[in-house]
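**Student:** Right, I'll just put the structure down here and ask away after.
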Amino acid sequence: LSPLQQGLYSLAGLTDSEAGADPYIIAMAADVSGALDVELLWSCAEAMLERHPNIRVSFFQGTLSRPVAVVPAVFDLPWQHVLAADAGEAAAVELQARARPFDLAHGPAIRFVLAELPDTQWRFVVVAHHIVIDGWSLPVFVSELMALYGAGGDTAVLPPARPYRDYIGWLAARDPAASRQRWQTHLADLDGPTMLTPALSGDIAGGLPERTETELDEQTTERLFEAARAR
């Protein structure tokens, strides 16, 4: 495991699944209008987990000194296709998929939910644990999935995937003592943990993220993009 994965694995062991949703679950959702080939989308999702073995792993420690990721030769795709009467019911299905914790010992730590609504409307949701994918790579994963679907499942449309194990090998060749020393020097002036929330809002209350939706006009949107680019 990478150091970040080791940390997330340790945190998962401390999380009480009865207490509520896991804060390290991330998701993307899309509304689809028109005809959709459910069987093709399912097969493309399965092909994506074949393409990226590190996403279909299970995690195991047992008596080992540190946990390892186990890549299964065969796996069951975590797929849910439901018929929803309306958008409200589809939203409830999505919320349930986002809130349900993952069992990291029995991967894959990713799930796909397709809610079928009347009038050829669909809600497609991809939910994953942060230990196998992050906010940068999830959009890449979904983009590859959509490209594969657009090509009728022909994997030749995608470029060769660099194996994640190459990154783990690169990490293994690093000097962990030198890395720790560099961070200790960089953080030496801090006298305790830091939090972004008070600095941004003055609110020290913790908890799970909440969703807020707002609509911006074109000019405000462009100013927001420019501000983000500039910083």
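Chain labels follow the order of the structure tokens: the first chain is A, the next B, and so on; residue numbering restarts at 1 in every chain, and ligands are counted from 1 in their shown order.
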So that I can see what lies close to Leu36 of chain A, please list as a list in words the residues with an atom at most 12 Å from it, counting only C-alpha atoms and leaving out residues fewer than 6 positions away in the same chain.
**Tutor:**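 Surrounding residues, per the criterion: Trp42, Leu114, Ala115, Glu116, Leu117, Asp119, Thr120, Gln121, Trp122, Arg123, Phe124, Met146, Tyr149, Gly150 and Gly152 of chain A.
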**Student:** What would the file look like if the residues just selected were written as a PDB file, in the first residue's frame with N, CA and C atoms?
**Tutor:**
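Final output, result-v4.pdb:
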ATOM      1  N   TRP A  42     -22.859  -2.211 -18.322  1.00  0.00           N
ATOM      2  CA  TRP A  42     -22.387  -3.162 -17.310  1.00  0.00           C
ATOM      3  C   TRP A  42     -21.063  -3.791 -17.737  1.00  0.00           C
ATOM      4  N   LEU A 114     -27.368   2.161 -11.318  1.00  0.00           N
ATOM      5  CA  LEU A 114     -28.104   2.723 -12.441  1.00  0.00           C
ATOM      6  C   LEU A 114     -29.582   2.727 -12.088  1.00  0.00           C
ATOM      7  N   ALA A 115     -30.145   3.932 -11.939  1.00  0.00           N
ATOM      8  CA  ALA A 115     -31.571   4.072 -11.660  1.00  0.00           C
ATOM      9  C   ALA A 115     -32.294   4.400 -12.961  1.00  0.00           C
ATOM     10  N   GLU A 116     -33.241   3.552 -13.312  1.00  0.00           N
ATOM     11  CA  GLU A 116     -34.006   3.732 -14.535  1.00  0.00           C
ATOM     12  C   GLU A 116     -35.329   4.413 -14.212  1.00  0.00           C
ATOM     13  N   LEU A 117     -35.566   5.580 -14.820  1.00  0.00           N
ATOM     14  CA  LEU A 117     -36.778   6.347 -14.588  1.00  0.00           C
ATOM     15  C   LEU A 117     -37.696   6.263 -15.801  1.00  0.00           C
ATOM     16  N   ASP A 119     -39.848   7.448 -19.138  1.00  0.00           N
ATOM     17  CA  ASP A 119     -39.550   8.318 -20.282  1.00  0.00           C
ATOM     18  C   ASP A 119     -38.073   8.304 -20.652  1.00  0.00           C
ATOM     19  N   THR A 120     -37.459   7.127 -20.597  1.00  0.00           N
ATOM     20  CA  THR A 120     -36.040   6.919 -20.958  1.00  0.00           C
ATOM     21  C   THR A 120     -35.120   7.939 -20.300  1.00  0.00           C
ATOM     22  N   GLN A 121     -35.292   8.113 -18.998  1.00  0.00           N
ATOM     23  CA  GLN A 121     -34.390   8.928 -18.194  1.00  0.00           C
ATOM     24  C   GLN A 121     -33.648   8.007 -17.232  1.00  0.00           C
ATOM     25  N   TRP A 122     -32.390   8.345 -16.947  1.00  0.00           N
ATOM     26  CA  TRP A 122     -31.544   7.487 -16.122  1.00  0.00           C
ATOM     27  C   TRP A 122     -30.721   8.338 -15.157  1.00  0.00           C
ATOM     28  N   ARG A 123     -30.348   7.748 -14.047  1.00  0.00           N
ATOM     29  CA  ARG A 123     -29.395   8.348 -13.111  1.00  0.00           C
ATOM     30  C   ARG A 123     -28.315   7.309 -12.866  1.00  0.00           C
ATOM     31  N   PHE A 124     -27.073   7.643 -13.279  1.00  0.00           N
ATOM     32  CA  PHE A 124     -25.951   6.719 -13.162  1.00  0.00           C
ATOM     33  C   PHE A 124     -24.993   7.230 -12.088  1.00  0.00           C
ATOM     34  N   MET A 146     -16.906   6.113 -20.202  1.00  0.00           N
ATOM     35  CA  MET A 146     -17.800   6.658 -21.220  1.00  0.00           C
ATOM     36  C   MET A 146     -17.231   6.464 -22.625  1.00  0.00           C
ATOM     37  N   TYR A 149     -17.821   2.879 -23.552  1.00  0.00           N
ATOM     38  CA  TYR A 149     -19.233   2.679 -23.913  1.00  0.00           C
ATOM     39  C   TYR A 149     -19.508   3.234 -25.305  1.00  0.00           C
ATOM     40  N   GLY A 150     -18.972   4.419 -25.596  1.00  0.00           N
ATOM     41  CA  GLY A 150     -19.174   5.021 -26.909  1.00  0.00           C
ATOM     42  C   GLY A 150     -18.588   4.207 -28.037  1.00  0.00           C
ATOM     43  N   GLY A 152     -18.659   1.000 -28.087  1.00  0.00           N
ATOM     44  CA  GLY A 152     -19.314  -0.306 -28.103  1.00  0.00           C
ATOM     45  C   GLY A 152     -18.581  -1.368 -27.314  1.00  0.00           C
TER      46      GLY A 152
END
**Student:** Which residue out of A:Ile131, A:Ala35, A:Leu145, A:Ala227 has the minimum interatomic distance to Gln6 of chain A when only C-alpha atoms are used?
**Tutor:**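 Comparing A:Ile131, A:Ala35, A:Leu145, A:Ala227 against Gln6 of chain A, the winner is A:Ile131.
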**Student:** Using only C-alpha atoms, what table do you get, as CSV, when you list each residue of segment 80-151 of chain A with an atom no more than 10 Å from segment 68-76 of chain A, its nearest pair of atoms, and their distance in Å rounded to one decimal, rows by chain then rising number?
**Tutor:**
residue,atom,partner,partner_atom,distance
A:Leu104,CA,A:Ala69,CA,9.7
A:Ala105,CA,A:Val70,CA,9.3
A:His106,CA,A:Val70,CA,9.8
A:Gly107,CA,A:Phe75,CA,8.5
A:Pro108,CA,A:Phe75,CA,7.9
A:Val132,CA,A:Ala69,CA,10.0
**Student:** Would you please give, as a PyMOL selection string, all residues of chain A that DSSP assigns to alpha helix (DSSP H) based on the backbone?
**Tutor:** chain A and resi 3-14+38-51+87-99+137-150+164-172+176-186+196-201+218-230
